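Notes for the one structure printed next.
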Amino acid sequence: MGLDYGRMLDQLGVEAQLLTAATHDVHADAPVFSASGRTVGQTLRHLGDLCEDVLCWLGSPEAQRHWDLPAEPDLRELTNRFAVRMADLLAEFISRPPDDPCPTWWPEQHTVAFWVRRMLHATTVHRADVQTAAGIEHTPIDPEVAADGIDEVLRAWFGYRLHSLQITATRPCSVGVHVPGRNWLVTADPSGAAVTSSEDVATTTPDAVVGGDPSAVYLWMWGRLPNRAVETSGDPDAIAQLWGLLQLATR
């Protein structure tokens with residue numbers, strides 16, 4: 001069961017505010033110390049670009065408004081652009097029902113709800129990046145939001161994006177992923193990758209299992225936390241292959 005549309009919208013607004021607040025005491029060139037390899041400034045530019053890309057996918061009139069950034073914008077300018085474009089995006093989301101058809105890059109969902117979910121998780125992950133770079137303790141991620149983010153990264157990115165990039169595993173493996181109340185079985189081999197829900201990953205006898213606190217598993221999958229932040233058992237090579245494929249899918 002996915003998150004309620006209204007709740008996703010509310011949480012997206014909160015995450016955007018948290019991210020903006022975290023930029024107040026950090027330098028644009030500060031590294032975010034994550035798999036993204038970006039600085040804080042590059043992260044804000046990326047998120048501003050992403051907002052504008054999504055406005056284009058949605059066919060919003062706001063997508064036609066050109067935003068001129070100086071050749072070497074400072075962090076205040078990048079943050080302002082992100083905040084304004086996020087506000088435009090939120091206004092577009094609020095004006096449309098979740099099942100309103102629109103283009104997306106995921107074949108399983110072609111509605112506005114896809115983009116709300118996508119922007120929620122992009123903003124949440126990068127908010128954690130900026131808070132880390134600023135030396136600020138991470139604002140806790142709601143467990144249901146984190147569990148939904150795990151589902152998104154597994155289904156849309158691992159399950160589909162790898163195929164679209166023509167990237168496959170080097171050897172067959174299966175990994176069970178579990179957080180309280182949610183379980184997934186991830187399989188990959190040289191012919192492709194697949195993700196299914198599993199009532200109890202322990203009964204599927206996967207090669208390995210990854211689990212723990214939802215926010216830790218969520219950030220681990222996006223390359224923001226090390227292996228020691230999650231609970232693992234079974235074949236370490238299977239876990240390493242899953243993590244490596246996830247980083248290729250989401251880069």
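Please note that chains go A, B, ... in the order of the structure tokens, that every chain numbers its residues from 1, and that ligands are numbered from 1 in the order shown.
Using only C-alpha atoms, the protein and nucleic acid residues lying no more than 8 Å from Pro101 in chain A, apart from those fewer than 5 places from it along its own chain, are A:His110, A:Thr111, A:Val112.
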Item to check | Polymer residues at most 10 Å from His24 in chain A, only C-alpha atoms, same-chain spacing of 2 or more positions, as a PyMOL selection string | outcome: chain A and resi 19-22+26-27+75-76+79+134
Item to check | All residues 12 Å or closer to range 211-215 of chain A, only C-alpha atoms, same chain fewer than 6 positions away omitted, as a ChimeraX atom specification | outcome: /A:121,124-125,128,138-151,175-185,201-202,221-222,224-225,227-234,239
Would you please give, as a PDB file with C-alpha atoms, in the first residue's frame, all residues of range 81-246 of chain A that DSSP assigns to alpha helix (DSSP H) based on the backbone?
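For reference, states.pdb as written:
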ATOM      1  CA  ARG A  81      15.993  28.882  -7.425  1.00  0.00           C
ATOM      2  CA  PHE A  82      15.263  25.493  -5.842  1.00  0.00           C
ATOM      3  CA  ALA A  83      12.761  26.992  -3.369  1.00  0.00           C
ATOM      4  CA  VAL A  84      10.871  28.926  -6.055  1.00  0.00           C
ATOM      5  CA  ARG A  85      10.765  26.043  -8.527  1.00  0.00           C
ATOM      6  CA  MET A  86       9.692  23.631  -5.794  1.00  0.00           C
ATOM      7  CA  ALA A  87       6.875  26.044  -4.911  1.00  0.00           C
ATOM      8  CA  ASP A  88       5.838  26.057  -8.590  1.00  0.00           C
ATOM      9  CA  LEU A  89       5.900  22.271  -8.602  1.00  0.00           C
ATOM     10  CA  LEU A  90       3.868  21.955  -5.407  1.00  0.00           C
ATOM     11  CA  ALA A  91       1.265  24.350  -6.815  1.00  0.00           C
ATOM     12  CA  GLU A  92       1.030  22.199  -9.952  1.00  0.00           C
ATOM     13  CA  PHE A  93       0.657  19.019  -7.894  1.00  0.00           C
ATOM     14  CA  ILE A  94      -2.031  20.555  -5.673  1.00  0.00           C
ATOM     15  CA  VAL A 112       0.810  12.779 -11.514  1.00  0.00           C
ATOM     16  CA  ALA A 113       1.165  10.593  -8.401  1.00  0.00           C
ATOM     17  CA  PHE A 114       4.359   9.106  -9.861  1.00  0.00           C
ATOM     18  CA  TRP A 115       6.031  12.517  -9.891  1.00  0.00           C
ATOM     19  CA  VAL A 116       4.879  13.443  -6.397  1.00  0.00           C
ATOM     20  CA  ARG A 117       6.396  10.228  -5.089  1.00  0.00           C
ATOM     21  CA  ARG A 118       9.574  10.687  -7.137  1.00  0.00           C
ATOM     22  CA  MET A 119      10.106  14.244  -5.920  1.00  0.00           C
ATOM     23  CA  LEU A 120       9.378  13.291  -2.322  1.00  0.00           C
ATOM     24  CA  HIS A 121      12.130  10.703  -2.300  1.00  0.00           C
ATOM     25  CA  ALA A 122      14.622  12.766  -4.299  1.00  0.00           C
ATOM     26  CA  THR A 123      14.171  15.674  -1.902  1.00  0.00           C
ATOM     27  CA  THR A 124      14.345  13.467   1.199  1.00  0.00           C
ATOM     28  CA  VAL A 125      17.587  11.784   0.157  1.00  0.00           C
ATOM     29  CA  HIS A 126      19.241  15.067  -0.824  1.00  0.00           C
ATOM     30  CA  ARG A 127      17.991  16.740   2.345  1.00  0.00           C
ATOM     31  CA  ALA A 128      19.916  14.080   4.257  1.00  0.00           C
ATOM     32  CA  ASP A 129      22.943  14.849   2.058  1.00  0.00           C
ATOM     33  CA  VAL A 130      22.871  18.563   2.836  1.00  0.00           C
ATOM     34  CA  GLN A 131      22.279  18.026   6.549  1.00  0.00           C
ATOM     35  CA  THR A 132      25.288  15.688   6.611  1.00  0.00           C
ATOM     36  CA  ALA A 133      27.461  18.240   4.822  1.00  0.00           C
ATOM     37  CA  PRO A 143       9.211   4.926   8.806  1.00  0.00           C
ATOM     38  CA  GLU A 144       6.295   4.739   6.347  1.00  0.00           C
ATOM     39  CA  VAL A 145       7.965   7.258   4.047  1.00  0.00           C
ATOM     40  CA  ALA A 146      11.213   5.290   4.221  1.00  0.00           C
ATOM     41  CA  ALA A 147       9.426   1.995   3.498  1.00  0.00           C
ATOM     42  CA  ASP A 148       7.715   3.580   0.501  1.00  0.00           C
ATOM     43  CA  GLY A 149      11.096   4.861  -0.656  1.00  0.00           C
ATOM     44  CA  ILE A 150      12.554   1.362  -0.442  1.00  0.00           C
ATOM     45  CA  ASP A 151       9.669   0.088  -2.559  1.00  0.00           C
ATOM     46  CA  GLU A 152      10.261   2.855  -5.128  1.00  0.00           C
ATOM     47  CA  LEU A 162      18.627  -1.335 -14.868  1.00  0.00           C
ATOM     48  CA  HIS A 163      16.821  -2.962 -17.803  1.00  0.00           C
ATOM     49  CA  SER A 164      16.470   0.357 -19.626  1.00  0.00           C
ATOM     50  CA  PRO A 214      13.442   1.588   7.489  1.00  0.00           C
ATOM     51  CA  SER A 215      15.311   4.890   7.254  1.00  0.00           C
ATOM     52  CA  ALA A 216      18.680   3.128   7.493  1.00  0.00           C
ATOM     53  CA  VAL A 217      17.796   0.599   4.776  1.00  0.00           C
ATOM     54  CA  TYR A 218      16.395   3.424   2.622  1.00  0.00           C
ATOM     55  CA  LEU A 219      19.519   5.572   2.859  1.00  0.00           C
ATOM     56  CA  TRP A 220      21.780   2.518   2.482  1.00  0.00           C
ATOM     57  CA  MET A 221      20.109   1.672  -0.826  1.00  0.00           C
ATOM     58  CA  PRO A 236      28.083 -10.937   1.356  1.00  0.00           C
ATOM     59  CA  ASP A 237      28.782 -11.081  -2.393  1.00  0.00           C
ATOM     60  CA  ALA A 238      25.040 -11.115  -3.123  1.00  0.00           C
ATOM     61  CA  ILE A 239      24.563  -8.039  -0.930  1.00  0.00           C
ATOM     62  CA  ALA A 240      27.527  -6.306  -2.572  1.00  0.00           C
ATOM     63  CA  GLN A 241      26.108  -7.027  -6.022  1.00  0.00           C
ATOM     64  CA  LEU A 242      22.669  -5.667  -5.037  1.00  0.00           C
ATOM     65  CA  TRP A 243      24.227  -2.481  -3.651  1.00  0.00           C
ATOM     66  CA  GLY A 244      26.456  -2.028  -6.690  1.00  0.00           C
ATOM     67  CA  LEU A 245      23.559  -2.491  -9.113  1.00  0.00           C
ATOM     68  CA  LEU A 246      21.463  -0.015  -7.135  1.00  0.00           C
TER      69      LEU A 246
END
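Distances from A:Trp157, A:Asp189, A:Ser198, A:Trp57 to Thr170 in chain A were compared using only C-alpha atoms, and the smallest one belongs to A:Asp189.
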Checklist entry - Tell me, which residues of range 4-249 of chain A carry DSSP strand (DSSP E or B), written as a VMD selection string? => result chain A and resid 31 39 101 111 173 to 179 182 to 189 192 to 197 208 to 211 231 to 234
Using N, CA and C atoms, can you export the residues from the last selection as a short mmCIF file (atom, residue, chain, number, x, y, z; two decimals), in the first residue's frame?
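Final output, part_18.cif:
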data_model
loop_
_atom_site.label_atom_id
_atom_site.label_comp_id
_atom_site.auth_asym_id
_atom_site.auth_seq_id
_atom_site.Cartn_x
_atom_site.Cartn_y
_atom_site.Cartn_z
N PRO A 31 31.52 18.94 0.43
CA PRO A 31 31.09 17.65 -0.14
C PRO A 31 29.97 17.04 0.69
N THR A 39 28.81 18.20 -4.48
CA THR A 39 28.94 19.16 -3.40
C THR A 39 27.53 19.64 -3.05
N PRO A 101 -3.61 11.72 -15.83
CA PRO A 101 -2.58 11.13 -16.70
C PRO A 101 -1.51 12.14 -17.08
N THR A 111 0.89 8.71 -14.18
CA THR A 111 0.00 9.68 -13.53
C THR A 111 0.82 10.68 -12.74
N CYS A 173 21.75 -14.11 -8.20
CA CYS A 173 21.67 -13.97 -6.75
C CYS A 173 20.27 -13.55 -6.36
N SER A 174 19.92 -13.80 -5.12
CA SER A 174 18.63 -13.37 -4.58
C SER A 174 18.87 -12.78 -3.20
N VAL A 175 18.20 -11.65 -2.93
CA VAL A 175 18.37 -10.99 -1.64
C VAL A 175 16.99 -10.64 -1.09
N GLY A 176 16.73 -11.05 0.14
CA GLY A 176 15.52 -10.63 0.82
C GLY A 176 15.76 -9.29 1.49
N VAL A 177 14.80 -8.40 1.38
CA VAL A 177 14.88 -7.09 2.02
C VAL A 177 13.69 -6.97 2.96
N HIS A 178 13.96 -6.59 4.22
CA HIS A 178 12.84 -6.51 5.15
C HIS A 178 12.98 -5.32 6.08
N VAL A 179 11.85 -4.69 6.36
CA VAL A 179 11.72 -3.68 7.40
C VAL A 179 10.41 -4.03 8.11
N ARG A 182 7.07 -4.78 6.06
CA ARG A 182 7.25 -4.84 4.61
C ARG A 182 8.39 -5.79 4.27
N ASN A 183 8.21 -6.58 3.21
CA ASN A 183 9.23 -7.51 2.75
C ASN A 183 9.27 -7.53 1.23
N TRP A 184 10.48 -7.66 0.69
CA TRP A 184 10.67 -7.77 -0.76
C TRP A 184 11.68 -8.87 -1.04
N LEU A 185 11.52 -9.52 -2.20
CA LEU A 185 12.51 -10.48 -2.68
C LEU A 185 13.08 -9.94 -3.98
N VAL A 186 14.38 -9.72 -3.99
CA VAL A 186 15.06 -9.15 -5.15
C VAL A 186 15.91 -10.24 -5.79
N THR A 187 15.73 -10.43 -7.08
CA THR A 187 16.53 -11.43 -7.80
C THR A 187 17.21 -10.77 -8.99
N ALA A 188 18.40 -11.23 -9.30
CA ALA A 188 19.13 -10.68 -10.43
C ALA A 188 20.03 -11.76 -11.00
N ASP A 189 20.18 -11.76 -12.33
CA ASP A 189 21.11 -12.65 -13.01
C ASP A 189 21.47 -12.00 -14.34
N GLY A 192 18.57 -10.39 -16.35
CA GLY A 192 17.74 -9.29 -15.88
C GLY A 192 17.57 -9.29 -14.38
N ALA A 193 16.64 -8.43 -13.91
CA ALA A 193 16.38 -8.29 -12.48
C ALA A 193 14.89 -8.23 -12.24
N ALA A 194 14.47 -8.65 -11.04
CA ALA A 194 13.05 -8.65 -10.70
C ALA A 194 12.88 -8.39 -9.21
N VAL A 195 11.71 -7.83 -8.86
CA VAL A 195 11.39 -7.54 -7.46
C VAL A 195 9.97 -7.99 -7.21
N THR A 196 9.77 -8.75 -6.14
CA THR A 196 8.43 -9.17 -5.75
C THR A 196 8.25 -8.94 -4.26
N SER A 197 7.01 -8.71 -3.85
CA SER A 197 6.72 -8.63 -2.43
C SER A 197 6.70 -10.03 -1.87
N ALA A 208 20.90 -14.04 0.58
CA ALA A 208 21.26 -13.11 1.65
C ALA A 208 20.03 -12.30 2.03
N VAL A 209 20.12 -11.63 3.18
CA VAL A 209 19.02 -10.80 3.67
C VAL A 209 19.59 -9.48 4.17
N VAL A 210 18.91 -8.38 3.82
CA VAL A 210 19.23 -7.04 4.31
C VAL A 210 18.00 -6.51 5.02
N GLY A 211 18.17 -5.94 6.21
CA GLY A 211 17.01 -5.41 6.92
C GLY A 211 17.42 -4.42 7.98
N GLU A 231 21.24 -4.41 8.94
CA GLU A 231 21.46 -5.78 9.38
C GLU A 231 21.59 -6.67 8.14
N THR A 232 22.64 -7.45 8.09
CA THR A 232 22.85 -8.32 6.94
C THR A 232 23.15 -9.75 7.40
N SER A 233 22.78 -10.69 6.56
CA SER A 233 23.12 -12.10 6.80
C SER A 233 23.20 -12.80 5.46
N GLY A 234 23.87 -13.93 5.44
CA GLY A 234 24.00 -14.69 4.21
C GLY A 234 25.20 -14.30 3.39
#
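CA of Asp49 in chain A sits 17.4 Å away from CA of Thr23 in chain A.
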Checklist entry - When distances are computed from only C-alpha atoms, which of A:Ala169, A:Val40, A:Val153, A:Leu55 shows the smallest separation from Gly223 in chain A? => result A:Val153
Item to check | Nearest candidate to Pro73 in chain A (options A:Ser60, A:Gln17, A:Gln42, A:Ser95; using only C-alpha atoms) | outcome: A:Gln42
Next on the checklist: Between A:Gly41, A:Pro107, A:Pro190, A:Gly135, which residue has the minimum interatomic distance to Ile167 in chain A, considering only C-alpha atoms?
Outcome noted: A:Pro190
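The space separating CA of Asn80 in chain A from CA of Glu52 in chain A comes to 13.6 Å.
Note that CA of Asp53 in chain A and CA of Leu165 in chain A are 19.7 Å apart.
Considering the residues A:Pro97, A:Gly13, A:Pro70, A:Pro103 and counting only C-alpha atoms, Val54 in chain A has its shortest atom-to-atom contact with A:Pro103.
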